[in-house]
Structures are given as structure tokens and as C-alpha cells.
$ cat coords_33.tsv   # TSV, C-alpha atoms
chain	number	residue	atom	x	y	z
T	85	MET	CA	-11.52	-19.88	6.15
T	86	SER	CA	-13.48	-17.00	7.61
T	87	ALA	CA	-12.51	-13.81	9.41
T	88	ARG	CA	-12.43	-13.72	13.19
T	89	LEU	CA	-14.97	-10.89	13.20
T	90	ASP	CA	-17.48	-9.65	10.66
T	91	VAL	CA	-16.74	-5.93	10.94
T	92	PHE	CA	-19.79	-5.04	8.85
T	93	ALA	CA	-22.09	-6.80	11.34
T	94	ILE	CA	-20.78	-4.86	14.35
T	95	PRO	CA	-22.29	-1.34	14.35
T	96	SER	CA	-19.28	0.43	15.88
T	97	ALA	CA	-16.80	-1.49	13.72
T	98	SER	CA	-18.82	-0.74	10.61
T	99	LYS	CA	-18.55	2.98	11.39
T	100	VAL	CA	-14.79	2.70	11.83
T	101	VAL	CA	-14.41	0.83	8.53
T	102	LYS	CA	-16.47	3.44	6.67
T	103	GLN	CA	-14.40	6.32	8.10
T	104	PHE	CA	-11.18	4.43	7.37
T	105	TYR	CA	-12.33	3.84	3.79
T	106	SER	CA	-12.94	7.60	3.43
T	107	LEU	CA	-9.32	8.26	4.36
T	108	GLY	CA	-8.20	5.79	1.71
T	109	GLN	CA	-10.30	7.61	-0.87
T	110	LEU	CA	-8.41	10.83	-0.14
T	111	VAL	CA	-5.21	9.08	-1.21
T	112	VAL	CA	-6.91	7.58	-4.29
T	113	ASN	CA	-7.99	11.08	-5.31
T	114	SER	CA	-4.55	12.59	-4.66
T	115	PRO	CA	-2.04	13.52	-7.38
T	116	LEU	CA	0.08	10.45	-6.57
T	117	PRO	CA	0.24	8.31	-9.75
T	118	ALA	CA	-2.12	5.33	-9.66
T	119	ALA	CA	0.63	2.87	-10.61
T	120	THR	CA	2.77	4.13	-7.74
T	121	ARG	CA	-0.14	3.76	-5.32
T	122	GLU	CA	-0.68	0.14	-6.30
T	123	LEU	CA	3.01	-0.77	-6.24
T	124	VAL	CA	3.46	0.81	-2.80
T	125	SER	CA	0.28	-0.82	-1.49
T	126	LEU	CA	1.43	-4.19	-2.79
T	127	ARG	CA	4.95	-3.90	-1.35
T	128	THR	CA	3.71	-2.76	2.05
T	129	SER	CA	1.25	-5.66	2.13
T	130	GLN	CA	3.96	-8.15	1.14
T	131	ILE	CA	6.18	-6.99	4.01
T	132	ASN	CA	3.30	-7.27	6.47
T	133	GLY	CA	2.07	-10.61	5.14
T	134	CYS	CA	-1.44	-9.32	4.44
T	135	ALA	CA	-2.85	-11.82	1.94
T	136	VAL	CA	-6.17	-10.01	1.42
T	137	CYS	CA	-4.39	-6.74	0.55
T	138	ILE	CA	-1.90	-8.52	-1.71
T	139	ASP	CA	-4.89	-10.09	-3.48
T	140	MET	CA	-6.70	-6.74	-3.75
T	141	HIS	CA	-3.80	-4.62	-4.97
T	142	THR	CA	-2.48	-7.22	-7.41
T	143	LYS	CA	-5.93	-7.46	-8.99
T	144	GLU	CA	-6.52	-3.69	-8.98
T	145	ALA	CA	-3.12	-3.08	-10.58
T	146	THR	CA	-3.76	-5.75	-13.22
T	147	ALA	CA	-7.18	-4.28	-14.00
T	148	ALA	CA	-5.52	-0.87	-14.42
T	149	GLY	CA	-3.11	-2.34	-16.98
T	150	GLU	CA	-0.07	-3.09	-14.83
T	151	SER	CA	2.13	-5.85	-16.26
T	152	SER	CA	2.50	-9.19	-14.53
T	153	VAL	CA	6.29	-8.86	-14.79
T	154	ARG	CA	6.32	-5.68	-12.70
T	155	LEU	CA	3.88	-7.11	-10.17
T	156	HIS	CA	5.95	-10.27	-9.76
T	157	LEU	CA	9.11	-8.22	-9.28
T	158	VAL	CA	7.78	-5.82	-6.63
T	159	ALA	CA	9.16	-8.04	-3.86
T	160	ALA	CA	12.63	-7.79	-5.43
T	161	TRP	CA	12.40	-4.23	-6.79
T	162	ARG	CA	16.01	-3.37	-5.92
T	163	GLU	CA	17.35	-5.88	-8.42
T	164	ALA	CA	14.65	-5.32	-11.04
T	165	THR	CA	15.11	-2.98	-13.99
T	166	VAL	CA	11.39	-2.53	-14.72
T	167	PHE	CA	10.69	0.32	-12.27
T	168	THR	CA	11.25	4.03	-12.81
T	169	GLU	CA	13.53	5.95	-10.47
T	170	ALA	CA	10.43	7.62	-8.99
T	171	GLU	CA	8.79	4.24	-8.34
T	172	ARG	CA	12.00	2.94	-6.80
T	173	ALA	CA	12.13	5.94	-4.46
T	174	ALA	CA	8.49	5.35	-3.47
T	175	LEU	CA	9.10	1.63	-2.87
T	176	GLU	CA	12.14	2.43	-0.75
T	177	LEU	CA	10.16	4.93	1.32
T	178	ALA	CA	7.37	2.36	1.69
T	179	GLU	CA	9.80	-0.25	2.98
T	180	GLN	CA	11.48	2.13	5.41
T	181	GLY	CA	8.13	3.47	6.62
T	182	THR	CA	6.76	-0.04	7.06
T	183	ARG	CA	9.85	-1.26	8.90
T	184	ILE	CA	10.12	1.89	11.00
T	185	ALA	CA	10.47	-0.08	14.24
T	186	ASP	CA	13.45	-1.98	12.83
T	187	GLY	CA	15.71	1.04	12.57
T	188	ALA	CA	16.74	3.58	15.15
T	189	GLY	CA	15.80	7.02	13.94
T	190	GLY	CA	12.98	6.06	11.57
T	191	VAL	CA	13.19	6.81	7.84
T	192	PRO	CA	16.74	7.88	6.89
T	193	ASP	CA	17.19	11.36	5.43
T	194	ALA	CA	18.73	9.90	2.25
T	195	VAL	CA	15.58	7.85	1.60
T	196	TRP	CA	13.40	10.93	2.11
T	197	ARG	CA	15.62	13.01	-0.21
T	198	ARG	CA	15.35	10.42	-2.97
T	199	ALA	CA	11.56	10.47	-2.72
T	200	ALA	CA	11.51	14.28	-2.62
T	201	GLU	CA	13.50	14.36	-5.89
T	202	HIS	CA	10.54	12.75	-7.68
T	203	TYR	CA	7.44	13.88	-5.81
T	204	ASP	CA	6.18	17.32	-4.81
T	205	GLU	CA	5.00	18.04	-1.27
T	206	GLU	CA	1.38	17.13	-2.00
T	207	GLN	CA	2.44	13.83	-3.55
T	208	LEU	CA	4.84	13.15	-0.68
T	209	MET	CA	2.07	13.70	1.84
T	210	ALA	CA	-0.18	11.35	-0.15
T	211	LEU	CA	2.65	8.79	-0.25
T	212	VAL	CA	3.27	9.01	3.50
T	213	THR	CA	-0.48	8.79	4.17
T	214	LEU	CA	-0.78	5.77	1.86
T	215	ILE	CA	2.07	3.97	3.63
T	216	ALA	CA	0.51	4.63	7.06
T	217	PHE	CA	-2.94	3.68	5.73
T	218	MET	CA	-1.69	0.40	4.27
T	219	ASN	CA	0.17	-0.51	7.44
T	220	THR	CA	-3.02	0.02	9.43
T	221	ALA	CA	-5.15	-1.91	6.93
T	222	ASN	CA	-2.61	-4.74	6.86
T	223	ARG	CA	-2.55	-5.02	10.62
T	224	LEU	CA	-6.34	-5.01	10.91
T	225	ASN	CA	-6.68	-7.67	8.22
T	226	VAL	CA	-3.91	-9.88	9.59
T	227	MET	CA	-5.26	-9.72	13.16
T	228	LEU	CA	-8.79	-10.46	11.99
T	229	GLU	CA	-7.55	-13.20	9.60
T	230	GLN	CA	-9.39	-11.80	6.60
T	231	PRO	CA	-9.39	-14.48	3.91
T	232	ALA	CA	-7.88	-13.75	0.50
T	233	GLY	CA	-8.62	-14.81	-3.04
T	234	ASP	CA	-12.17	-13.64	-3.67
T	235	TYR	CA	-11.55	-9.93	-4.28
T	236	LYS	CA	-12.96	-8.48	-7.51
T	237	PRO	CA	-11.41	-5.30	-8.98
T	238	GLY	CA	-13.51	-2.26	-8.10
T	239	GLN	CA	-15.27	-4.11	-5.30
T	240	PHE	CA	-14.94	-1.21	-2.88
T	241	ALA	CA	-15.20	1.61	-5.41
$ encode --input "coords_33.tsv" --output "C-alpha cells"
Amino acid sequence: MSARLDVFAIPSASKVVKQFYSLGQLVVNSPLPAATRELVSLRTSQINGCAVCIDMHTKEATAAGESSVRLHLVAAWREATVFTEAERAALELAEQGTRIADGAGGVPDAVWRRAAEHYDEEQLMALVTLIAFMNTANRLNVMLEQPAGDYKPGQFA
């Protein structure tokens, strides 16, 4: 399987990808905990069916020491006891932000309040940016049919 377009071979697309990557680095360098970033990235990618991002974030999380139990339970985080309350709030915000078109009124105030109980304003902004970033990355990858399975941790570092 190969992607529909090689974005690195198209000069204008290559520029977009490089700028987009720079935005992602701002989130990586934010005060949002690394484990939270990977869990949120993974959950958002699961919802959107982005195999290449699921591959990437599962491998990055594993390389950073995340347990396989927690990674396997991300899809069912509500019923799992292995996540902190802060992680649960971030996962809930990620789901609501990813499924924003499914609900009238966007992200419910109660979901936002739960996230705000665990994250300061800078972390919340990083979390919101990460969710938007992942939704964009997922959509680009799904539309371009980026193949999954070959990602190596740190590949884009």
C-alpha cells in the first residue's frame, strides 16, 4: 500500500507539512505531560480511524515507557481503572473535541470544567491545540491513505 500523494515530493505540500510539524513541536514543548499527550493523540486517532497515527503514537508511548495495558485500554478508558483523573478528563475533552460535529453546542461546560480542574490555562491551551492538531493530522493521513506499520519511534524528532 502506498499513499495517494507523496507530500514530500510536492514543493508546496512539503512547505505545508514542515509548517504543520512546527505547530506540533509547540505542543511537544508545552507543559502538558508527555503521557497525556500520547494518550490523547492515540484516542483522537482511534476515533478518526487514522492507522498511521495510531501506529506512531502507540510506538512513541511505548518507547517513553507507557505500559501496554494502558495503551490497550485507551479505547475503553471510561471503564478502565488505569488512568488518573487528570488523564480521564483529557481523554474526555479529546473525545468531545473530536466529535464536535456530533453534538449541538460543541464541548459541554461540564467536560471543560473537569479538564480545568486538572490543567492550568497554559496546559489547557496545549491540550486544545493538540486535539485540533491531531484531528487535522488524522484527516490528512486518512484522505491521503498514508500506510501504517513502519513508523520508528523518534522518526520525526
$ residues_near_point --input "coords_33.tsv" --point "(-8.5, 12.8, -0.2)" --cutoff "12 Å" --atoms "all atoms listed in the file" --output "list in words"
Phe104, Tyr105, Ser106, Leu107, Gly108, Gln109, Leu110, Val111, Val112, Asn113, Ser114, Pro115, Leu116, Glu206, Gln207, Met209, Ala210, Leu211, Thr213 and Leu214 of chain T
$ write_last_selection --input "coords_33.tsv" --atoms "C-alpha atoms" --output "mmCIF file, in the frame of the given file"
data_model
loop_
_atom_site.group_PDB
_atom_site.id
_atom_site.type_symbol
_atom_site.label_atom_id
_atom_site.label_comp_id
_atom_site.auth_asym_id
_atom_site.auth_seq_id
_atom_site.Cartn_x
_atom_site.Cartn_y
_atom_site.Cartn_z
ATOM 1 C CA PHE T 104 -11.180 4.430 7.370
ATOM 2 C CA TYR T 105 -12.330 3.840 3.790
ATOM 3 C CA SER T 106 -12.940 7.600 3.430
ATOM 4 C CA LEU T 107 -9.320 8.260 4.360
ATOM 5 C CA GLY T 108 -8.200 5.790 1.710
ATOM 6 C CA GLN T 109 -10.300 7.610 -0.870
ATOM 7 C CA LEU T 110 -8.410 10.830 -0.140
ATOM 8 C CA VAL T 111 -5.210 9.080 -1.210
ATOM 9 C CA VAL T 112 -6.910 7.580 -4.290
ATOM 10 C CA ASN T 113 -7.990 11.080 -5.310
ATOM 11 C CA SER T 114 -4.550 12.590 -4.660
ATOM 12 C CA PRO T 115 -2.040 13.520 -7.380
ATOM 13 C CA LEU T 116 0.080 10.450 -6.570
ATOM 14 C CA GLU T 206 1.380 17.130 -2.000
ATOM 15 C CA GLN T 207 2.440 13.830 -3.550
ATOM 16 C CA MET T 209 2.070 13.700 1.840
ATOM 17 C CA ALA T 210 -0.180 11.350 -0.150
ATOM 18 C CA LEU T 211 2.650 8.790 -0.250
ATOM 19 C CA THR T 213 -0.480 8.790 4.170
ATOM 20 C CA LEU T 214 -0.780 5.770 1.860
#
$ atom_distance --input "coords_33.tsv" --atom1 "CA of Gly181 (chain T)" --atom2 "CA of Ala221 (chain T)"
14.3 Å
$ residues_around --input "coords_33.tsv" --residues "Gly238 (chain T)" --least-positions-apart "2" --cutoff "12 Å" --atoms "only C-alpha atoms" --output "PyMOL selection string"
chain T and resi 140-141+143-148+235-236+240-241
$ atom_distance --input "coords_33.tsv" --atom1 "CA of Thr168 (chain T)" --atom2 "CA of Arg121 (chain T)"
13.6 Å
$ atom_distance --input "coords_33.tsv" --atom1 "CA of Val166 (chain T)" --atom2 "CA of Gln239 (chain T)"
28.3 Å
$ residues_around --input "coords_33.tsv" --residues "Ala135 (chain T)" --least-positions-apart "3" --cutoff "7 Å" --atoms "only C-alpha atoms" --output "ChimeraX atom specification"
/T:138-139,232
$ closest_residue --input "coords_33.tsv" --among "T:Tyr203, T:Arg197, T:Ile215, T:Val158" --to "Arg127 (chain T)" --atoms "only C-alpha atoms"
T:Val158
$ closest_residue --input "coords_33.tsv" --among "T:Leu177, T:Ser86, T:Ala160, T:Thr182" --to "Ala194 (chain T)" --atoms "all atoms listed in the file"
T:Leu177
$ residues_around --input "coords_33.tsv" --residues "Glu122 (chain T)" --least-positions-apart "2" --cutoff "8 Å" --atoms "all atoms listed in the file" --output "VMD selection string"
chain T and resid 118 to 120 124 to 126 141 to 142 144 to 145
$ write_last_selection --input "coords_33.tsv" --atoms "C-alpha atoms" --output "PDB file, in the coordinates of the input"
ATOM      1  CA  ALA T 118      -2.120   5.330  -9.660  1.00  0.00           C
ATOM      2  CA  ALA T 119       0.630   2.870 -10.610  1.00  0.00           C
ATOM      3  CA  THR T 120       2.770   4.130  -7.740  1.00  0.00           C
ATOM      4  CA  VAL T 124       3.460   0.810  -2.800  1.00  0.00           C
ATOM      5  CA  SER T 125       0.280  -0.820  -1.490  1.00  0.00           C
ATOM      6  CA  LEU T 126       1.430  -4.190  -2.790  1.00  0.00           C
ATOM      7  CA  HIS T 141      -3.800  -4.620  -4.970  1.00  0.00           C
ATOM      8  CA  THR T 142      -2.480  -7.220  -7.410  1.00  0.00           C
ATOM      9  CA  GLU T 144      -6.520  -3.690  -8.980  1.00  0.00           C
ATOM     10  CA  ALA T 145      -3.120  -3.080 -10.580  1.00  0.00           C
TER      11      ALA T 145
END
$ residues_around --input "coords_33.tsv" --residues "Gln180 (chain T)" --least-positions-apart "5" --cutoff "12 Å" --atoms "all atoms listed in the file" --output "PyMOL selection string"
chain T and resi 124+127-128+131+173-175+185-196+199+212+215-216+219
$ axis_aligned_box --input "coords_33.tsv" --around "region 118-121 of chain T" --padding-each-side "3 Å" --output "AutoDock Vina command-line options"
--center_x 0.3 --center_y 4.1 --center_z -8.0 --size_x 10.9 --size_y 8.5 --size_z 11.3
